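**Student:** Below you'll find the structure I mean.
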Amino acid sequence: MTDTAERNPLDKRRPTQVVAPGIYQLGLQGNSFIVETEQGLLVVDTGPSPDLVPDALADLRQHTDAPIRWIVYSHGHMGYNYGVPGFLADAERRGDPRPTIIAHENVVRRYRRYAETGGLQAHLNSMQFRRAKAAFPAVPPQTFPDQTYAESLTLGTTGRVVQLLWAPSETDDVTAVWLPQERILYGSAAVIESIPNIGTPLRTLRDPVRWADTLDRFAALDPAVVVPEWGKPRREKVGEMLTETARALRWLRAEVVARLNKGMAVGEILHDLDYPAELFDEPWMAETYGHRDFVVRDIVRAETGWWDFNPTNLHPSHPDVAAAAVAGAIADQAAVLAPRAARRGGGAAGAARDRPARAGARGRAGDRRGPRAEGGVVRAAREAGVELRVAEPVPGLVHGWSRRRECFGSLWRPKTLTNVAPSTGAVATRPPASPPATGVPRVVDPAARGL
Ligand SMILES: [Zn+2]
């Protein structure tokens, strides 16, 4: 489907929207938020690429010709501010003073961490955004802020008052913008009109209580309008959306902790929770970006260690060894595996047959295959006489930039499940020739007994 290309914010800018006189949202990565003041424009977020900046500024200049006084980072996820050089170049070209770049002080620490882990971030981004890893530079172009703050910062000495508020939520470096005279709140990464994306499979811990505290602080401001990170300004049920989202997060925390106290493991907790409709069946809790199960996982992750209570995983075998052992341990292969001849006819099954050789060769949007199987696993399986193929996407779930995008961007399972090697995702199918006698498990490698 074309949904990925059409909605991927890396590809396309959305038109400028007027929130109120002198207040705009500029469709870049999320809602870039623009406020006119007597000192010039405040711009929150400059977008995912300098390439989008000329068009965005031309659109903005239809509404105001004021110089840009401040550029503020909504948070430290870098794609929101890759457009900074474009904005600085535009100011220079116009003969305006260089805008001052402001961020919460934790952005600096985050930027340093991203520079240190550039290769990892590129790998994770390639899965989340369904682009080749090369599309995400291992050394990210970063523009560090000129000025930071800790709790809040008031801009605008005369006329319109603009307050930057620390709003820890998705990250620990989020800046919200409060306009007290207009009672307009730019919720930044704390307000996403979806169940908060806590417990992402790819990212570091996010604290639901910290997020709930921020939403309750927002509600105490009694805003008339909230501009979310994405989508239209909310002008109705503003307080309800904020407080009820916070209440749902606190409910999750309390219920998960109660079960942890009983000694329940995460798998048991996931299937034991009974989510109250009055909290979870609301539009602002839609699972379009986050998922309630994943919130549960982060609460467990924050209170326990990494072990899943499975003794096999405490000191695991090398993935190559584990994969070969699983493949070799299929006793009744005739009952489990489809005959090879049936897969020679082409179509999806025939395509699957060819996948190992091409796995990972492409990564562009629209490519519906999963992440590449580990080369070592493929090699070990070949040596064991077992064919591996890369898992297919889960039927019925949409990947990439459509629904549940970050949540499911990295989840894959076999089209026809045969057996899955632990921690590899590789799938053992029928051996290419002469299957062994059924009913006798084959131990491929003596070391595999430690599986
Ligand atoms: Zn973010």
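All residue names refer to the structure tokens as shown: chains lettered A, B, ... in order, residues numbered from 1 in each chain, ligands numbered from 1 in order.
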Might you pull out every residue within 7 Å of Trp166 in chain A, with only C-alpha atoms counted and same-chain residues fewer than 3 positions away left off, and present them as a list in words?
**Tutor:**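 Counting only the stated atoms, we get His104, Ala150, Glu151, Ser152, Val174, Thr175 and Ala176 of chain A.
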**Student:** Compute the set of protein, DNA and RNA residues whose minimum atom distance to ligand 1 is at most 10 Å, using only C-alpha atoms and all ligand atoms, and state it as a ChimeraX atom specification.
**Tutor:** /A:29-30,74-80,169-171,174,188-190,192,197,229
**Student:** Tell me, which residues of range 224-341 of chain A carry DSSP strand (DSSP E), written as an MDAnalysis selection string?
**Tutor:** chainID A and resid 225:228
**Student:** Hey, can you spit out that residue selection with N, CA, C and O atoms as a PDB file, in the first residue's frame?
**Tutor:**
ATOM      1  N   VAL A 225      -6.994  25.967  24.417  1.00  0.00           N
ATOM      2  CA  VAL A 225      -6.594  25.256  23.195  1.00  0.00           C
ATOM      3  C   VAL A 225      -5.287  24.524  23.479  1.00  0.00           C
ATOM      4  O   VAL A 225      -4.394  25.073  24.133  1.00  0.00           O
ATOM      5  N   VAL A 226      -5.211  23.283  23.005  1.00  0.00           N
ATOM      6  CA  VAL A 226      -3.948  22.552  23.076  1.00  0.00           C
ATOM      7  C   VAL A 226      -3.542  22.167  21.665  1.00  0.00           C
ATOM      8  O   VAL A 226      -4.330  21.543  20.938  1.00  0.00           O
ATOM      9  N   VAL A 227      -2.336  22.554  21.283  1.00  0.00           N
ATOM     10  CA  VAL A 227      -1.781  22.109  20.003  1.00  0.00           C
ATOM     11  C   VAL A 227      -0.958  20.862  20.283  1.00  0.00           C
ATOM     12  O   VAL A 227       0.035  20.925  21.014  1.00  0.00           O
ATOM     13  N   PRO A 228      -1.368  19.720  19.731  1.00  0.00           N
ATOM     14  CA  PRO A 228      -0.619  18.492  19.990  1.00  0.00           C
ATOM     15  C   PRO A 228       0.632  18.422  19.126  1.00  0.00           C
ATOM     16  O   PRO A 228       0.844  19.259  18.245  1.00  0.00           O
TER      17      PRO A 228
END
